[in-house]
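Inspection log for the structure reproduced underneath, given as structure tokens.
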Amino acid sequence: MEVNMYDLLILGMLMAHDYSGYKLGHVLGEVLVPRRKLSNGVIYPLLDRLEQEGYITSAECEINGRRTKMMHITDAGRERFYALMAQPVAEDAKRADVYRFKFRGFGQIGPDEQKHILDEYCHSIQNDLDHYRHAQTKMVHEAEKYPDQQAHYQWAGNTIVLQIEMCEAQLAWANAQIAAIKAEE
């Protein structure tokens, strides 16, 4: 079963404390990649579904003189959060977001689970890095065959270098997190 990244993020946030639907929407908007927004037409149906499935409850309360609906995670929601954290991450277009959302939930899981997720992340990023390095080698050979297309191959190669450097930075970050977790044990 695929990790539902929005369920993971919402339940992870509610593991820390209760939120209003408005505040959840605001925080979710800050967590997503810039320029990718979650509208109320997305967030409230997600919250309704999570409540219908028994993962969260809501209660009306008054905050600063205003009535608002506060969301609270249930025991079933906690179990669902832990199950989502334990699921492998699919190698698809959502992979980066799912890992980022899992990392945000690290305060709610133990160091062994954290290391396991980080190890999976490193393996995934290393596969990407190997792919880009292979593509870089292939690009050099292609450029030699077609000297009249140097500008094309130069920019294609520059793009691959960017991908390689991003992968290297991600691996360095993940390895630093693993080292920090091990140092605390």
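Ordering of the structure tokens sets the chain letters (A, B, ...), residue numbers begin anew at 1 in every chain, and ligands are numbered from 1 in the order given.
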
Within 9 Å of stretch 62-69 of chain A, counting only C-alpha atoms, which residues qualify if same-chain residues fewer than 6 places away don't, as an mmCIF file with N, CA, C and O atoms, in the first residue's frame?
data_model
loop_
_atom_site.group_PDB
_atom_site.id
_atom_site.type_symbol
_atom_site.label_atom_id
_atom_site.label_comp_id
_atom_site.auth_asym_id
_atom_site.auth_seq_id
_atom_site.Cartn_x
_atom_site.Cartn_y
_atom_site.Cartn_z
ATOM 1 N N TYR A 19 -4.675 20.920 16.526
ATOM 2 C CA TYR A 19 -4.668 22.066 15.619
ATOM 3 C C TYR A 19 -6.085 22.321 15.134
ATOM 4 O O TYR A 19 -6.879 21.380 15.011
ATOM 5 N N SER A 20 -6.349 23.552 14.771
ATOM 6 C CA SER A 20 -7.597 23.858 14.064
ATOM 7 C C SER A 20 -7.381 23.494 12.597
ATOM 8 O O SER A 20 -6.247 23.390 12.128
ATOM 9 N N GLY A 21 -8.466 23.316 11.875
ATOM 10 C CA GLY A 21 -8.354 23.037 10.446
ATOM 11 C C GLY A 21 -7.637 24.163 9.729
ATOM 12 O O GLY A 21 -6.811 23.934 8.840
ATOM 13 N N TYR A 22 -7.937 25.402 10.129
ATOM 14 C CA TYR A 22 -7.280 26.560 9.513
ATOM 15 C C TYR A 22 -5.771 26.504 9.740
ATOM 16 O O TYR A 22 -4.990 26.699 8.809
#

Which residues are close to A:Gly157, i.e. within 9 Å by only C-alpha atoms, leaving aside same-chain residues fewer than 2 positions away? Reply as a PDB file with N, CA and C atoms, in the first residue's frame.
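Wrote around02.pdb, looks like this:
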ATOM      1  N   ALA A 135      24.780   8.772 -16.574  1.00  0.00           N
ATOM      2  CA  ALA A 135      24.307   9.679 -17.626  1.00  0.00           C
ATOM      3  C   ALA A 135      25.378  10.705 -17.976  1.00  0.00           C
ATOM      4  N   GLN A 136      26.130  11.133 -16.989  1.00  0.00           N
ATOM      5  CA  GLN A 136      27.201  12.106 -17.231  1.00  0.00           C
ATOM      6  C   GLN A 136      28.280  11.498 -18.129  1.00  0.00           C
ATOM      7  N   MET A 139      26.953  11.261 -21.570  1.00  0.00           N
ATOM      8  CA  MET A 139      26.876  12.588 -22.182  1.00  0.00           C
ATOM      9  C   MET A 139      28.234  13.005 -22.742  1.00  0.00           C
ATOM     10  N   VAL A 140      29.307  12.701 -22.034  1.00  0.00           N
ATOM     11  CA  VAL A 140      30.652  13.041 -22.513  1.00  0.00           C
ATOM     12  C   VAL A 140      30.934  12.310 -23.821  1.00  0.00           C
ATOM     13  N   HIS A 152      24.582  22.293 -26.835  1.00  0.00           N
ATOM     14  CA  HIS A 152      23.561  21.371 -26.319  1.00  0.00           C
ATOM     15  C   HIS A 152      24.142  20.470 -25.241  1.00  0.00           C
ATOM     16  N   TYR A 153      25.256  19.845 -25.527  1.00  0.00           N
ATOM     17  CA  TYR A 153      25.848  18.899 -24.583  1.00  0.00           C
ATOM     18  C   TYR A 153      26.419  19.596 -23.357  1.00  0.00           C
ATOM     19  N   GLN A 154      26.888  20.830 -23.545  1.00  0.00           N
ATOM     20  CA  GLN A 154      27.388  21.588 -22.400  1.00  0.00           C
ATOM     21  C   GLN A 154      26.270  21.823 -21.382  1.00  0.00           C
ATOM     22  N   TRP A 155      25.105  22.279 -21.883  1.00  0.00           N
ATOM     23  CA  TRP A 155      24.009  22.562 -20.970  1.00  0.00           C
ATOM     24  C   TRP A 155      23.357  21.293 -20.430  1.00  0.00           C
ATOM     25  N   THR A 159      23.285  20.445 -16.375  1.00  0.00           N
ATOM     26  CA  THR A 159      22.078  20.020 -15.662  1.00  0.00           C
ATOM     27  C   THR A 159      22.339  18.734 -14.881  1.00  0.00           C
ATOM     28  N   ILE A 160      23.068  17.817 -15.479  1.00  0.00           N
ATOM     29  CA  ILE A 160      23.405  16.577 -14.787  1.00  0.00           C
ATOM     30  C   ILE A 160      24.304  16.867 -13.583  1.00  0.00           C
ATOM     31  N   VAL A 161      25.245  17.800 -13.736  1.00  0.00           N
ATOM     32  CA  VAL A 161      26.096  18.186 -12.605  1.00  0.00           C
ATOM     33  C   VAL A 161      25.241  18.725 -11.456  1.00  0.00           C
ATOM     34  N   LEU A 162      24.233  19.531 -11.775  1.00  0.00           N
ATOM     35  CA  LEU A 162      23.329  20.034 -10.746  1.00  0.00           C
ATOM     36  C   LEU A 162      22.665  18.876 -10.007  1.00  0.00           C
TER      37      LEU A 162
END

Please provide the set of residues having any atom within 6 Å of stretch 2-14 of chain A, restricted to only C-alpha atoms, with same-chain residues fewer than 2 positions apart removed, written as a PDB file with C-alpha atoms, in the first residue's frame.
ATOM      1  CA  ALA A  16       2.540  16.843  18.691  1.00  0.00           C
ATOM      2  CA  HIS A  17      -0.652  18.738  19.622  1.00  0.00           C
ATOM      3  CA  ASP A  18      -4.154  19.650  18.510  1.00  0.00           C
ATOM      4  CA  ILE A  73      -5.553  12.469  16.941  1.00  0.00           C
ATOM      5  CA  PHE A  81       0.815   7.321  11.798  1.00  0.00           C
ATOM      6  CA  LEU A  84       2.679   5.056   7.566  1.00  0.00           C
ATOM      7  CA  VAL A  98       6.996  11.561   1.438  1.00  0.00           C
ATOM      8  CA  PHE A 101       7.069  14.431   5.644  1.00  0.00           C
ATOM      9  CA  GLY A 105       7.603  13.075  12.079  1.00  0.00           C
TER      10      GLY A 105
END

Q) Between A:Met71, A:Leu47, A:Ala174, A:Ile181, which is the closest to A:His123 once you count only C-alpha atoms? A) A:Ala174

Q) Hey, what does DSSP flag as strand (DSSP E) within chain A? Can you give it to me as a list in words? A)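 Filtering chain A to strand (DSSP E) leaves Tyr19, Ser20, Ile56, Thr57, Ser58, Ala59, Glu60, Cys61, Glu62, Ile63, Arg66, Arg67, Thr68, Lys69, Met70, Met71, His72 and Ile73 of chain A.
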
Filtering to all heavy atoms, could you give me those residues as a short mmCIF file (atom, residue, chain, number, x, y, z; two decimals), in the first residue's frame?
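Saved as again-v2.cif:
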data_model
loop_
_atom_site.label_atom_id
_atom_site.label_comp_id
_atom_site.auth_asym_id
_atom_site.auth_seq_id
_atom_site.Cartn_x
_atom_site.Cartn_y
_atom_site.Cartn_z
N TYR A 19 -4.67 20.92 16.53
CA TYR A 19 -4.67 22.07 15.62
C TYR A 19 -6.09 22.32 15.13
O TYR A 19 -6.88 21.38 15.01
CB TYR A 19 -3.83 21.78 14.37
CG TYR A 19 -2.35 21.89 14.53
CD1 TYR A 19 -1.57 20.77 14.80
CD2 TYR A 19 -1.71 23.12 14.37
CE1 TYR A 19 -0.19 20.87 14.92
CE2 TYR A 19 -0.32 23.22 14.49
CZ TYR A 19 0.42 22.09 14.77
OH TYR A 19 1.78 22.19 14.87
N SER A 20 -6.35 23.55 14.77
CA SER A 20 -7.60 23.86 14.06
C SER A 20 -7.38 23.49 12.60
O SER A 20 -6.25 23.39 12.13
CB SER A 20 -7.94 25.35 14.19
OG SER A 20 -6.98 26.13 13.49
N ILE A 56 -8.94 10.83 13.51
CA ILE A 56 -8.96 12.09 14.26
C ILE A 56 -10.38 12.34 14.74
O ILE A 56 -11.34 11.75 14.24
CB ILE A 56 -8.46 13.29 13.42
CG1 ILE A 56 -9.39 13.59 12.25
CG2 ILE A 56 -7.03 13.08 12.96
CD1 ILE A 56 -9.04 14.86 11.48
N THR A 57 -10.49 13.21 15.74
CA THR A 57 -11.79 13.71 16.17
C THR A 57 -11.72 15.23 16.10
O THR A 57 -10.63 15.81 16.07
CB THR A 57 -12.14 13.28 17.61
OG1 THR A 57 -11.14 13.78 18.50
CG2 THR A 57 -12.23 11.76 17.72
N SER A 58 -12.87 15.85 16.08
CA SER A 58 -12.91 17.31 16.10
C SER A 58 -13.88 17.75 17.17
O SER A 58 -14.84 17.04 17.48
CB SER A 58 -13.31 17.86 14.73
OG SER A 58 -14.63 17.45 14.41
N ALA A 59 -13.61 18.91 17.74
CA ALA A 59 -14.49 19.46 18.76
C ALA A 59 -14.50 20.98 18.62
O ALA A 59 -13.46 21.59 18.38
CB ALA A 59 -14.00 19.06 20.14
N GLU A 60 -15.68 21.54 18.75
CA GLU A 60 -15.82 23.00 18.72
C GLU A 60 -15.29 23.57 20.03
O GLU A 60 -15.52 23.00 21.10
CB GLU A 60 -17.29 23.40 18.57
CG GLU A 60 -17.90 23.07 17.24
CD GLU A 60 -17.58 24.10 16.17
OE1 GLU A 60 -17.34 25.27 16.50
OE2 GLU A 60 -17.57 23.70 14.99
N CYS A 61 -14.55 24.65 19.93
CA CYS A 61 -14.08 25.35 21.12
C CYS A 61 -13.94 26.83 20.79
O CYS A 61 -14.07 27.24 19.64
CB CYS A 61 -12.77 24.77 21.63
SG CYS A 61 -11.40 24.99 20.52
N GLU A 62 -13.70 27.61 21.84
CA GLU A 62 -13.55 29.05 21.65
C GLU A 62 -12.10 29.44 21.91
O GLU A 62 -11.52 29.08 22.93
CB GLU A 62 -14.48 29.81 22.61
CG GLU A 62 -14.55 31.28 22.30
CD GLU A 62 -15.62 31.98 23.10
OE1 GLU A 62 -16.74 31.44 23.19
OE2 GLU A 62 -15.31 33.05 23.64
N ILE A 63 -11.52 30.14 20.92
CA ILE A 63 -10.14 30.62 21.03
C ILE A 63 -10.16 32.10 20.69
O ILE A 63 -10.59 32.48 19.60
CB ILE A 63 -9.19 29.85 20.09
CG1 ILE A 63 -9.16 28.37 20.46
CG2 ILE A 63 -7.79 30.44 20.13
CD1 ILE A 63 -8.34 27.51 19.53
N ARG A 66 -13.37 33.46 19.43
CA ARG A 66 -13.92 32.93 18.18
C ARG A 66 -14.13 31.42 18.31
O ARG A 66 -13.31 30.72 18.87
CB ARG A 66 -12.96 33.20 17.03
CG ARG A 66 -12.76 34.70 16.78
CD ARG A 66 -11.83 34.94 15.65
NE ARG A 66 -12.55 34.73 14.41
CZ ARG A 66 -12.01 34.76 13.22
NH1 ARG A 66 -10.72 34.96 13.10
NH2 ARG A 66 -12.73 34.59 12.14
N ARG A 67 -15.23 30.95 17.73
CA ARG A 67 -15.52 29.52 17.71
C ARG A 67 -14.68 28.89 16.60
O ARG A 67 -14.58 29.40 15.50
CB ARG A 67 -17.00 29.25 17.44
CG ARG A 67 -17.95 29.91 18.39
CD ARG A 67 -18.24 29.21 19.68
NE ARG A 67 -18.61 27.82 19.58
CZ ARG A 67 -18.35 26.95 20.57
NH1 ARG A 67 -17.74 27.35 21.66
NH2 ARG A 67 -18.71 25.71 20.45
N THR A 68 -14.04 27.79 16.93
CA THR A 68 -13.24 27.07 15.93
C THR A 68 -13.34 25.58 16.21
O THR A 68 -13.69 25.16 17.31
CB THR A 68 -11.78 27.55 15.94
OG1 THR A 68 -11.09 26.99 14.82
CG2 THR A 68 -11.05 27.16 17.21
N LYS A 69 -13.02 24.81 15.21
CA LYS A 69 -13.04 23.35 15.33
C LYS A 69 -11.59 22.89 15.49
O LYS A 69 -10.75 23.15 14.64
CB LYS A 69 -13.66 22.75 14.08
CG LYS A 69 -14.00 21.28 14.19
CD LYS A 69 -14.47 20.74 12.85
CE LYS A 69 -15.95 20.52 12.86
NZ LYS A 69 -16.39 19.78 11.66
N MET A 70 -11.31 22.22 16.60
CA MET A 70 -9.96 21.70 16.86
C MET A 70 -9.91 20.22 16.53
O MET A 70 -10.83 19.47 16.85
CB MET A 70 -9.58 21.92 18.33
CG MET A 70 -9.45 23.37 18.72
SD MET A 70 -8.14 24.24 17.84
CE MET A 70 -6.70 23.55 18.63
N MET A 71 -8.82 19.81 15.88
CA MET A 71 -8.61 18.42 15.50
C MET A 71 -7.70 17.75 16.53
O MET A 71 -6.72 18.34 16.99
CB MET A 71 -7.95 18.32 14.12
CG MET A 71 -8.66 19.09 13.02
SD MET A 71 -10.32 18.47 12.77
CE MET A 71 -11.06 19.87 11.97
N HIS A 72 -8.04 16.51 16.87
CA HIS A 72 -7.28 15.73 17.85
C HIS A 72 -7.06 14.33 17.29
O HIS A 72 -7.99 13.73 16.75
CB HIS A 72 -8.07 15.67 19.17
CG HIS A 72 -7.44 14.83 20.22
ND1 HIS A 72 -6.40 15.28 20.99
CD2 HIS A 72 -7.70 13.57 20.61
CE1 HIS A 72 -6.03 14.32 21.82
NE2 HIS A 72 -6.80 13.27 21.61
N ILE A 73 -5.85 13.82 17.43
CA ILE A 73 -5.55 12.47 16.94
C ILE A 73 -6.09 11.42 17.92
O ILE A 73 -6.07 11.62 19.13
CB ILE A 73 -4.03 12.28 16.69
CG1 ILE A 73 -3.77 11.02 15.88
CG2 ILE A 73 -3.26 12.30 18.00
CD1 ILE A 73 -2.37 10.94 15.30
#
